[in-house]
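Trainee: One file is attached below, query13.tsv, containing TSV, C-alpha atoms and all ligand atoms.
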chain	number	residue	atom	x	y	z
A	68	MET	CA	-8.26	88.88	143.72
A	69	THR	CA	-10.51	85.94	142.93
A	70	ALA	CA	-9.47	82.43	143.87
A	71	THR	CA	-7.87	80.43	141.10
A	72	ARG	CA	-8.32	77.11	142.91
A	73	LYS	CA	-10.64	75.54	145.45
A	74	VAL	CA	-9.12	73.46	148.23
A	75	PRO	CA	-11.81	72.53	150.76
A	76	PHE	CA	-10.61	71.58	154.22
A	77	PHE	CA	-12.12	68.13	153.68
A	78	ASP	CA	-14.25	67.08	150.74
A	79	TYR	CA	-16.74	64.64	152.30
A	80	SER	CA	-18.44	63.76	149.04
A	81	ARG	CA	-15.15	62.46	147.57
A	82	LEU	CA	-15.07	59.85	150.29
A	83	PHE	CA	-17.89	58.23	148.37
A	84	LEU	CA	-17.43	59.47	144.81
A	85	ASP	CA	-13.74	58.52	144.47
A	86	ASN	CA	-14.54	54.92	145.43
A	87	LYS	CA	-18.11	54.66	144.21
A	88	LYS	CA	-17.89	51.30	142.44
A	89	GLN	CA	-15.99	49.65	145.25
A	90	LEU	CA	-18.44	50.95	147.86
A	91	GLN	CA	-21.45	49.89	145.83
A	92	ASN	CA	-19.95	46.40	145.58
A	93	ILE	CA	-19.52	46.27	149.35
A	94	LEU	CA	-23.13	47.34	149.88
A	95	GLU	CA	-24.36	44.71	147.42
A	96	ASP	CA	-22.24	42.04	149.04
A	97	VAL	CA	-23.22	42.84	152.63
A	98	GLY	CA	-26.84	43.52	151.72
A	99	GLY	CA	-27.04	40.35	149.63
A	100	ARG	CA	-25.84	38.32	152.59
A	101	GLY	CA	-28.20	40.15	154.95
A	102	ALA	CA	-25.16	40.66	157.17
A	103	TYR	CA	-25.87	43.85	159.08
A	104	ILE	CA	-25.11	43.34	162.76
A	105	MET	CA	-22.21	41.47	164.38
A	106	GLN	CA	-21.25	39.46	161.33
A	107	GLN	CA	-18.02	38.13	159.83
A	108	ASP	CA	-16.87	41.49	158.43
A	109	LEU	CA	-16.92	42.94	161.91
A	110	VAL	CA	-15.01	39.96	163.33
A	111	LYS	CA	-12.44	40.36	160.55
A	112	PHE	CA	-12.10	44.07	161.28
A	113	GLU	CA	-11.65	43.52	165.01
A	114	THR	CA	-8.96	40.94	164.29
A	115	GLN	CA	-7.20	43.34	161.91
A	116	LEU	CA	-7.39	46.18	164.40
A	117	SER	CA	-5.82	44.18	167.19
A	118	LYS	CA	-3.11	42.76	164.88
A	119	TYR	CA	-2.31	46.17	163.40
A	120	THR	CA	-1.93	47.89	166.76
A	121	GLY	CA	-0.40	44.95	168.59
A	122	ALA	CA	-3.15	44.85	171.23
A	123	LYS	CA	-4.53	41.45	172.24
A	124	PHE	CA	-8.20	42.36	171.87
A	125	ALA	CA	-10.38	44.76	169.89
A	126	VAL	CA	-14.10	45.54	170.04
A	127	GLY	CA	-15.89	47.53	167.34
A	128	VAL	CA	-18.13	50.15	168.96
A	129	GLY	CA	-20.52	52.85	167.77
A	130	ASN	CA	-17.99	55.68	167.97
A	131	ALA	CA	-14.80	56.62	169.81
A	132	THR	CA	-16.65	58.60	172.49
A	133	ASP	CA	-18.59	55.49	173.49
A	134	GLY	CA	-15.32	53.55	173.35
A	135	LEU	CA	-13.76	55.90	175.90
A	136	GLU	CA	-16.79	55.78	178.18
A	137	LEU	CA	-17.08	51.99	178.03
A	138	SER	CA	-13.36	51.71	178.79
A	139	TRP	CA	-13.72	53.84	181.92
A	140	LEU	CA	-16.81	51.91	183.00
A	141	ALA	CA	-14.95	48.61	182.46
A	142	ILE	CA	-12.05	49.88	184.56
A	143	GLY	CA	-14.53	50.70	187.32
A	144	LEU	CA	-14.51	54.50	187.47
A	145	LYS	CA	-16.56	55.66	190.45
A	146	LYS	CA	-18.42	58.86	191.27
A	147	GLY	CA	-15.99	61.63	192.21
A	148	ASP	CA	-12.95	59.92	190.70
A	149	GLU	CA	-10.67	62.36	188.90
A	150	VAL	CA	-9.05	61.69	185.53
A	151	ILE	CA	-6.36	63.99	184.12
A	152	ILE	CA	-6.67	65.04	180.47
A	153	SER	CA	-5.09	67.62	178.18
A	154	SER	CA	-7.14	70.76	177.78
A	155	HIS	CA	-6.28	70.61	174.08
A	156	THR	CA	-8.52	67.72	173.15
A	157	MET	CA	-11.97	67.07	171.81
A	158	ILE	CA	-14.66	67.56	174.43
A	159	ALA	CA	-15.34	63.80	174.02
A	160	THR	CA	-12.26	62.90	176.08
A	161	ALA	CA	-13.80	64.83	178.96
A	162	SER	CA	-17.47	63.97	178.40
A	163	ALA	CA	-16.72	60.24	178.33
A	164	ILE	CA	-15.27	60.57	181.84
A	165	VAL	CA	-18.31	62.56	182.99
A	166	THR	CA	-20.83	60.09	181.58
A	167	ALA	CA	-18.89	57.25	183.21
A	168	GLY	CA	-19.31	59.07	186.55
A	169	GLY	CA	-15.94	60.76	186.96
A	170	ILE	CA	-14.47	64.25	186.92
A	171	PRO	CA	-12.15	65.33	184.09
A	172	VAL	CA	-9.21	67.52	185.14
A	173	PRO	CA	-7.78	69.44	182.17
A	174	VAL	CA	-4.08	70.37	182.28
A	175	GLU	CA	-1.48	72.21	180.20
A	176	ILE	CA	0.20	71.23	176.96
A	177	GLY	CA	3.91	70.74	176.43
A	178	PHE	CA	6.38	71.61	173.64
A	179	ASP	CA	4.51	69.64	170.98
A	180	ASN	CA	1.06	70.78	172.12
A	181	LEU	CA	0.20	67.37	173.56
A	182	ILE	CA	-0.41	66.81	177.28
A	183	ASP	CA	2.55	67.88	179.39
A	184	PRO	CA	3.73	65.03	181.68
A	185	GLN	CA	4.92	67.54	184.30
A	186	ALA	CA	1.45	69.08	184.38
A	187	ILE	CA	-0.01	65.61	184.94
A	188	SER	CA	2.21	65.07	187.99
A	189	ALA	CA	1.27	68.48	189.37
A	190	ALA	CA	-2.47	67.78	189.01
A	191	ILE	CA	-2.55	64.51	190.95
A	192	THR	CA	-4.72	64.63	194.08
A	193	LYS	CA	-5.98	61.95	196.45
A	194	ASN	CA	-9.01	61.56	194.15
A	195	THR	CA	-7.02	60.98	190.95
A	196	VAL	CA	-7.56	57.50	189.53
A	197	GLY	CA	-6.52	57.89	185.92
A	198	ILE	CA	-4.99	59.68	182.97
A	199	SER	CA	-6.54	59.95	179.52
A	200	PRO	CA	-3.81	61.23	177.20
A	201	THR	CA	-4.97	62.30	173.75
A	202	GLN	CA	-2.74	61.12	170.91
A	203	LEU	CA	-3.52	64.35	169.15
A	204	ASN	CA	-3.28	65.14	165.45
A	205	GLY	CA	-1.85	61.68	164.81
A	206	ARG	CA	1.08	62.04	167.20
A	207	THR	CA	1.54	59.78	170.22
A	208	CYS	CA	2.32	61.47	173.54
A	209	ASP	CA	5.52	60.85	175.47
A	210	MET	CA	4.06	57.61	176.80
A	211	LYS	CA	7.28	56.65	178.58
A	212	SER	CA	6.92	59.56	181.00
A	213	ILE	CA	3.14	59.18	181.23
A	214	MET	CA	3.25	55.45	182.01
A	215	LYS	CA	5.96	56.07	184.61
A	216	ILE	CA	3.70	58.58	186.37
A	217	ALA	CA	0.76	56.18	186.07
A	218	THR	CA	2.71	53.25	187.52
A	219	GLU	CA	4.19	55.26	190.37
A	220	ASN	CA	0.77	56.62	191.35
A	221	ASN	CA	-1.28	53.53	190.60
A	222	LEU	CA	-3.38	55.29	187.95
A	223	ALA	CA	-5.36	53.71	185.11
A	224	VAL	CA	-4.64	54.96	181.59
A	225	VAL	CA	-7.22	55.14	178.80
A	226	GLU	CA	-5.67	56.53	175.65
A	227	ASP	CA	-7.82	58.76	173.51
A	228	ALA	CA	-6.37	57.42	170.26
A	229	ALA	CA	-9.29	58.67	168.14
A	230	GLN	CA	-6.84	60.54	165.88
A	231	ALA	CA	-3.94	58.15	165.97
A	232	LEU	CA	-4.38	54.73	164.39
A	233	GLY	CA	-0.88	53.68	163.29
A	234	SER	CA	0.92	56.48	165.10
A	235	LYS	CA	3.88	55.28	167.21
A	236	PHE	CA	6.09	56.32	170.08
A	237	ASN	CA	9.37	54.42	170.47
A	238	ASN	CA	8.14	52.04	167.74
A	239	GLN	CA	5.04	51.10	169.73
A	240	CYS	CA	1.55	51.83	168.43
A	241	ALA	CA	-0.75	54.38	170.02
A	242	GLY	CA	-3.43	52.50	171.89
A	243	THR	CA	-1.16	49.84	173.38
A	244	PHE	CA	0.50	51.70	176.25
A	245	GLY	CA	-2.35	52.06	178.71
A	246	ASP	CA	-5.12	49.80	180.01
A	247	ALA	CA	-7.36	50.50	177.03
A	248	ALA	CA	-7.69	52.89	174.10
A	249	SER	CA	-10.36	54.12	171.75
A	250	PHE	CA	-10.06	54.83	168.00
A	251	SER	CA	-12.48	56.78	165.80
A	252	PHE	CA	-13.52	55.93	162.26
A	253	PHE	CA	-15.49	59.16	161.75
A	254	PRO	CA	-15.46	59.99	158.00
A	255	ALA	CA	-12.64	62.58	158.20
A	256	LYS	CA	-10.38	60.32	160.23
A	257	VAL	CA	-7.33	58.78	158.53
A	258	LEU	CA	-9.21	55.49	158.54
A	259	GLY	CA	-12.67	56.96	158.02
A	260	THR	CA	-15.90	55.25	157.09
A	261	LEU	CA	-19.24	56.51	155.74
A	262	GLY	CA	-20.65	57.37	159.14
A	263	ASP	CA	-19.81	56.93	162.79
A	264	GLY	CA	-17.60	54.14	164.02
A	265	GLY	CA	-15.13	53.36	166.76
A	266	GLY	CA	-12.93	50.62	168.18
A	267	VAL	CA	-11.60	49.82	171.65
A	268	VAL	CA	-8.33	47.94	172.02
A	269	THR	CA	-6.88	46.44	175.16
A	270	SER	CA	-4.52	43.65	176.11
A	271	LYS	CA	-6.30	43.00	179.40
A	272	LYS	CA	-8.78	40.14	179.21
A	273	ASP	CA	-10.99	41.42	182.04
A	274	ILE	CA	-11.31	44.86	180.42
A	275	TYR	CA	-12.01	43.28	177.03
A	276	GLU	CA	-14.76	41.08	178.48
A	277	LYS	CA	-16.36	44.00	180.30
A	278	VAL	CA	-16.23	46.35	177.28
A	279	TYR	CA	-17.61	43.53	175.14
A	280	GLN	CA	-20.57	43.04	177.47
A	281	LEU	CA	-21.20	46.77	177.86
A	282	HIS	CA	-21.34	47.33	174.11
A	283	ASP	CA	-23.85	44.53	173.48
A	284	HIS	CA	-26.56	44.65	176.15
A	285	GLY	CA	-24.44	42.94	178.79
A	286	ARG	CA	-24.04	39.80	176.67
A	287	ASP	CA	-20.80	37.85	176.38
A	288	THR	CA	-19.37	36.42	173.16
A	289	GLU	CA	-21.69	33.39	173.57
A	290	GLY	CA	-24.75	35.65	173.75
A	291	GLN	CA	-25.25	35.02	177.47
A	292	THR	CA	-26.40	38.04	179.48
A	293	LYS	CA	-23.83	38.61	182.23
A	294	SER	CA	-24.34	42.22	183.30
A	295	TRP	CA	-26.16	45.45	182.44
A	296	GLY	CA	-25.10	46.95	179.16
A	297	ARG	CA	-26.28	48.95	176.20
A	298	ASN	CA	-26.05	48.92	172.44
A	299	SER	CA	-22.93	50.52	170.99
A	300	ARG	CA	-21.92	48.20	168.17
A	301	LEU	CA	-19.95	48.96	165.03
A	302	ASP	CA	-22.23	48.22	162.05
A	303	ASN	CA	-21.12	45.28	159.97
A	304	LEU	CA	-21.46	47.40	156.81
A	305	GLN	CA	-19.09	50.02	158.23
A	306	ALA	CA	-16.70	47.22	159.23
A	307	ALA	CA	-16.77	45.87	155.66
A	308	ILE	CA	-15.90	49.33	154.32
A	309	LEU	CA	-13.12	49.67	156.88
A	310	ASN	CA	-11.70	46.25	155.94
A	311	LYS	CA	-11.36	47.44	152.34
A	312	LYS	CA	-9.78	50.72	153.37
A	313	PHE	CA	-7.35	48.95	155.70
A	314	GLU	CA	-5.74	47.36	152.59
A	315	GLN	CA	-4.33	50.76	151.57
A	316	TYR	CA	-3.91	52.20	155.04
A	317	ASP	CA	-0.12	52.32	155.16
A	318	GLU	CA	0.00	54.08	151.77
A	319	VAL	CA	-2.49	56.64	153.04
A	320	ILE	CA	-0.26	57.31	156.05
A	321	GLN	CA	2.76	57.69	153.76
A	322	ARG	CA	0.91	60.22	151.64
A	323	ARG	CA	-0.11	62.23	154.71
A	324	ARG	CA	3.50	62.27	155.91
A	325	ALA	CA	4.58	63.41	152.45
A	326	ILE	CA	2.03	66.25	152.62
A	327	ALA	CA	3.40	67.26	156.04
A	328	ASN	CA	6.88	67.32	154.51
A	329	ILE	CA	5.74	69.58	151.68
A	330	TYR	CA	4.14	71.99	154.16
A	331	HIS	CA	7.26	71.87	156.30
A	332	GLU	CA	9.72	72.50	153.50
A	333	ASN	CA	7.68	75.33	152.02
A	334	LEU	CA	6.70	77.11	155.22
A	335	LYS	CA	9.64	76.59	157.56
A	336	GLU	CA	11.28	79.92	156.67
A	337	LEU	CA	8.26	81.96	157.75
A	338	GLU	CA	8.99	83.34	161.20
A	339	GLN	CA	5.30	84.22	161.67
A	340	LEU	CA	4.46	80.51	161.83
A	341	GLN	CA	5.20	77.76	164.32
A	342	LEU	CA	4.93	74.44	162.52
A	343	PRO	CA	4.26	71.02	164.04
A	344	PRO	CA	7.27	68.67	164.19
A	345	ALA	CA	8.19	67.43	160.70
A	346	PRO	CA	7.70	63.70	160.01
A	347	SER	CA	10.61	61.83	161.51
A	348	ASN	CA	12.00	58.34	160.93
A	349	SER	CA	14.05	58.29	164.10
A	350	GLY	CA	11.80	55.65	165.65
A	351	GLU	CA	10.90	57.90	168.58
A	352	TYR	CA	7.87	59.63	167.09
A	353	PHE	CA	6.06	58.23	164.06
A	354	ASP	CA	3.25	60.70	163.32
A	355	ILE	CA	0.37	59.89	160.98
A	356	PHE	CA	-0.83	63.50	160.59
A	357	GLN	CA	-4.53	63.24	161.23
A	358	ASN	CA	-4.25	67.03	161.16
A	359	TYR	CA	-1.66	69.61	160.21
A	360	GLU	CA	-2.05	72.11	163.03
A	361	LEU	CA	0.25	75.12	163.15
A	362	GLN	CA	0.33	78.40	165.05
A	363	ALA	CA	0.18	81.63	163.08
A	364	ASP	CA	0.63	85.33	163.81
A	365	ASN	CA	-2.50	87.25	162.79
A	366	ARG	CA	-4.28	83.93	162.59
A	367	ASP	CA	-7.78	85.25	161.96
A	368	GLN	CA	-6.67	87.53	159.12
A	369	LEU	CA	-4.63	84.71	157.60
A	370	ARG	CA	-7.68	82.49	157.78
A	371	GLU	CA	-9.81	85.07	156.01
A	372	HIS	CA	-7.12	85.58	153.37
A	373	LEU	CA	-6.97	81.82	152.72
A	374	SER	CA	-10.74	81.62	152.57
A	375	ASN	CA	-10.71	84.36	149.91
A	376	GLN	CA	-8.23	82.20	148.01
A	377	GLY	CA	-10.67	79.27	148.12
A	378	ILE	CA	-8.72	77.42	150.83
A	379	GLY	CA	-10.60	75.85	153.73
A	380	THR	CA	-9.04	75.87	157.20
A	381	ILE	CA	-10.34	74.94	160.63
A	382	ILE	CA	-9.64	76.07	164.18
A	383	GLN	CA	-9.80	72.86	166.15
A	384	TRP	CA	-12.67	72.22	168.59
A	385	GLY	CA	-14.50	75.40	167.59
A	386	GLY	CA	-11.68	77.57	168.90
A	387	LYS	CA	-11.49	76.72	172.61
A	388	ALA	CA	-9.67	74.40	174.95
A	389	VAL	CA	-11.84	72.13	177.12
A	390	HIS	CA	-11.59	74.29	180.26
A	391	GLN	CA	-12.55	77.45	178.33
A	392	TRP	CA	-16.16	76.40	177.64
A	393	GLU	CA	-18.00	78.40	180.26
A	394	GLY	CA	-21.04	76.16	180.53
A	395	LEU	CA	-18.95	73.24	181.73
A	396	GLY	CA	-18.05	74.75	185.10
A	397	PHE	CA	-14.25	74.64	184.99
A	398	ASN	CA	-12.62	77.45	186.87
A	399	LEU	CA	-9.08	77.16	185.58
A	400	LYS	CA	-6.36	79.28	184.02
A	401	LEU	CA	-4.03	77.42	181.70
A	402	PRO	CA	-1.97	80.15	179.99
A	403	LYS	CA	-0.02	78.00	177.51
A	404	VAL	CA	-3.04	76.29	176.05
A	405	GLU	CA	-5.04	79.54	176.08
A	406	LYS	CA	-2.29	81.31	174.12
A	407	PHE	CA	-2.17	78.37	171.74
A	408	PHE	CA	-5.87	78.82	170.99
A	409	THR	CA	-5.32	82.41	169.90
A	410	LYS	CA	-2.94	81.20	167.18
A	411	CYS	CA	-3.77	77.66	166.12
A	412	LEU	CA	-5.03	76.76	162.66
A	413	MET	CA	-5.35	73.55	160.69
A	414	LEU	CA	-4.50	73.42	156.99
A	415	PRO	CA	-6.05	70.89	154.57
A	416	MET	CA	-4.51	67.47	155.32
A	417	ASN	CA	-6.02	64.52	153.48
A	418	ILE	CA	-5.45	62.33	150.46
A	419	PHE	CA	-7.74	64.40	148.24
A	420	VAL	CA	-5.23	67.27	148.32
A	421	SER	CA	-2.80	67.27	145.39
A	422	ASP	CA	0.78	68.56	145.36
A	423	GLU	CA	-0.44	71.49	143.22
A	424	ASP	CA	-3.04	72.28	145.90
A	425	LEU	CA	-0.30	72.25	148.52
A	426	PHE	CA	1.97	74.61	146.57
A	427	TYR	CA	-1.03	76.89	146.04
A	428	ILE	CA	-1.76	76.90	149.79
A	429	CYS	CA	1.88	77.56	150.70
A	430	ASP	CA	2.19	80.37	148.13
A	431	SER	CA	-1.01	81.95	149.42
A	432	ILE	CA	0.36	81.89	152.98
A	433	LYS	CA	3.68	83.37	151.87
A	434	ARG	CA	1.87	86.15	149.99
A	435	PHE	CA	-0.11	86.99	153.13
A	436	TYR	CA	3.02	87.57	155.21
A	437	LYS	CA	5.00	89.40	152.52
B	501	LIG	C1	-9.31	63.46	170.02
B	501	LIG	C2	-10.70	62.94	169.77
B	501	LIG	N1	-11.32	62.25	170.74
B	501	LIG	C3	-12.55	61.75	170.56
B	501	LIG	C4	-13.23	61.92	169.38
B	501	LIG	C5	-14.59	61.37	169.24
B	501	LIG	O1	-14.69	60.45	168.21
B	501	LIG	P1	-16.12	59.97	167.69
B	501	LIG	O2	-16.67	61.06	166.84
B	501	LIG	O3	-15.84	58.73	166.92
B	501	LIG	O4	-16.95	59.72	168.91
B	501	LIG	C6	-12.62	62.61	168.33
B	501	LIG	C7	-13.32	62.83	167.06
B	501	LIG	O5	-13.19	63.85	166.42
B	501	LIG	C8	-11.32	63.14	168.53
B	501	LIG	O6	-10.70	63.82	167.56
Any chance you could put this one into structure tokens?
Mentor:
Amino acid sequence: MTATRKVPFFDYSRLFLDNKKQLQNILEDVGGRGAYIMQQDLVKFETQLSKYTGAKFAVGVGNATDGLELSWLAIGLKKGDEVIISSHTMIATASAIVTAGGIPVPVEIGFDNLIDPQAISAAITKNTVGISPTQLNGRTCDMKSIMKIATENNLAVVEDAAQALGSKFNNQCAGTFGDAASFSFFPAKVLGTLGDGGGVVTSKKDIYEKVYQLHDHGRDTEGQTKSWGRNSRLDNLQAAILNKKFEQYDEVIQRRRAIANIYHENLKELEQLQLPPAPSNSGEYFDIFQNYELQADNRDQLREHLSNQGIGTIIQWGGKAVHQWEGLGFNLKLPKVEKFFTKCLMLPMNIFVSDEDLFYICDSIKRFYK
């Protein structure tokens, strides 16, 4: 059967084409002012980011990976220090620890496929200095348990909040639980720009000052060189685009939660699927659905079937958990996360997807299992 519809996993060109006039105006405005690096649009964005999350400080950086690394450097990670992470995360959570001099220690996932607090406790050694929980798929981890473990064991916490701007746990925003956090504005992110971009938030002045210096050649806000640093700045043009997109951000989140509801209502009867938690208004978990990641029986065949129906899907991180990449030297067995990676699949989840697209996707899945 030939596909009657096309639903790409993410249509990158629409990021530009759907807002062409607005984006051209931004380019003309920024270009006309010659305001490319560390200008008022960036300052405005940093202010918005800290206000929105509730953190005291924000620094725009080149990307979220740099944001994680600079956070660990600012905290003072030393060679041989261990940091516990989920094995279900982007490799960036781990590589940022490595490039800051430390050793990432991947652990198991819990009921909602985020890092399991019990696994964190079990992985603590005399070399453990930190935890880097990933607020995955737009859902914030059980930060109450994680912060309790961190406090009791005197561990630093850098949240990988790359996928979670606006996501909350117990009514508190992702990014504001630990010592620092890093957000990504990669094009496909919920707040995505036309290129790379990232932001670090923290409420600790010393960490803010250090991250600030690190991201701009060791210079402080007065331009005085205080330490060694590098260049990892968020472009002013990207900041100007992000400022515009911030105006509609809460509506975008609402739409993504509505999409998750449609998937949930239409797929919940299928016993061959394990769905992510449905959007809840209980105040405990407020998920922003960066991704809609489910587990499916006969995953690879389902994926092929959907592809034949014109529907794009993705297996996150290229199909492996962090510890499963052989070249990285981990020698670990983590059965839960390994099983998860035999079944996980992400369905289209973005504002370009219409309700009709969603019904088409759900019907195609139902037909596969019939
Ligand atoms: C969980 C997670 N961490 C880190 C990153 C890295 O973000 P960036 O591409 O902005 O460096 C991503 C981006 O996909 C991510 O999803």
Trainee: Please return as an MDAnalysis selection string the residues found within 10 Å of ligand LIG 501 (chain B), counting all atoms listed in the file.
Mentor: chainID A and resid 128:135 155:163 200:205 226:231 249:256 259 262:266 357:358 383:384
Trainee: Restricting the calculation to only C-alpha atoms: of A:Val74, A:Leu281, A:Leu304, A:Leu181, which residue gets closest to A:Gly101?
Mentor: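 The closest residue to A:Gly101 is A:Leu304.
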Trainee: Restricting the calculation to all atoms listed in the file: of A:Lys410, A:Lys87, A:Lys387, A:Lys403, which residue gets closest to A:Ile182?
Mentor: A:Lys403
Trainee: Show which residues sit within 10 Å of A:Cys429, as a ChimeraX atom specification. Count all atoms listed in the file, and ignore same-chain residues fewer than 6 positions away.
Mentor: /A:329-334,414,423,435
Trainee: Sort by chain and increasing residue number a table of all residues of stretch 102-198 of chain A within 10 Å of stretch 286-302 of chain A, each with its closest pair of atoms and their distance in Å to one decimal, counting only C-alpha atoms, and write it as JSON lines.
Mentor:
{"residue": "A:Ala102", "atom": "CA", "partner": "A:Asp302", "partner_atom": "CA", "distance": 9.5}
{"residue": "A:Tyr103", "atom": "CA", "partner": "A:Asp302", "partner_atom": "CA", "distance": 6.4}
{"residue": "A:Ile104", "atom": "CA", "partner": "A:Asp302", "partner_atom": "CA", "distance": 5.7}
{"residue": "A:Met105", "atom": "CA", "partner": "A:Asp302", "partner_atom": "CA", "distance": 7.1}
{"residue": "A:Gln106", "atom": "CA", "partner": "A:Asp302", "partner_atom": "CA", "distance": 8.8}
{"residue": "A:Asp108", "atom": "CA", "partner": "A:Asp302", "partner_atom": "CA", "distance": 9.3}
{"residue": "A:Leu109", "atom": "CA", "partner": "A:Leu301", "partner_atom": "CA", "distance": 7.4}
{"residue": "A:Phe112", "atom": "CA", "partner": "A:Leu301", "partner_atom": "CA", "distance": 10.0}
{"residue": "A:Glu113", "atom": "CA", "partner": "A:Leu301", "partner_atom": "CA", "distance": 9.9}
{"residue": "A:Val126", "atom": "CA", "partner": "A:Leu301", "partner_atom": "CA", "distance": 8.4}
{"residue": "A:Gly127", "atom": "CA", "partner": "A:Leu301", "partner_atom": "CA", "distance": 4.9}
{"residue": "A:Val128", "atom": "CA", "partner": "A:Arg300", "partner_atom": "CA", "distance": 4.3}
{"residue": "A:Gly129", "atom": "CA", "partner": "A:Ser299", "partner_atom": "CA", "distance": 4.6}
{"residue": "A:Asn130", "atom": "CA", "partner": "A:Leu301", "partner_atom": "CA", "distance": 7.6}
{"residue": "A:Asp133", "atom": "CA", "partner": "A:Ser299", "partner_atom": "CA", "distance": 7.1}
{"residue": "A:Gly134", "atom": "CA", "partner": "A:Ser299", "partner_atom": "CA", "distance": 8.5}
{"residue": "A:Leu137", "atom": "CA", "partner": "A:Ser299", "partner_atom": "CA", "distance": 9.3}
Trainee: Could you save the residues just selected, with C-alpha atoms, as a CSV table (one decimal), in the frame of the given file?
Mentor:
chain,number,residue,atom,x,y,z
A,102,ALA,CA,-25.2,40.7,157.2
A,103,TYR,CA,-25.9,43.8,159.1
A,104,ILE,CA,-25.1,43.3,162.8
A,105,MET,CA,-22.2,41.5,164.4
A,106,GLN,CA,-21.2,39.5,161.3
A,108,ASP,CA,-16.9,41.5,158.4
A,109,LEU,CA,-16.9,42.9,161.9
A,112,PHE,CA,-12.1,44.1,161.3
A,113,GLU,CA,-11.6,43.5,165.0
A,126,VAL,CA,-14.1,45.5,170.0
A,127,GLY,CA,-15.9,47.5,167.3
A,128,VAL,CA,-18.1,50.2,169.0
A,129,GLY,CA,-20.5,52.8,167.8
A,130,ASN,CA,-18.0,55.7,168.0
A,133,ASP,CA,-18.6,55.5,173.5
A,134,GLY,CA,-15.3,53.6,173.4
A,137,LEU,CA,-17.1,52.0,178.0
Trainee: Just the residues within 9 Å of A:Leu140, please, counting all atoms listed in the file, with nothing from its chain fewer than 5 positions along; format it as a PyMOL selection string.
Mentor: chain A and resi 135+145+164+167-168+277-278+281
Trainee: When distances are computed from all atoms listed in the file, which of A:Gln91, A:Asn328, A:Arg366, A:Ser212 shows the smallest separation from A:Ile381?
Mentor: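 Under the stated criterion, the closest residue is A:Arg366.
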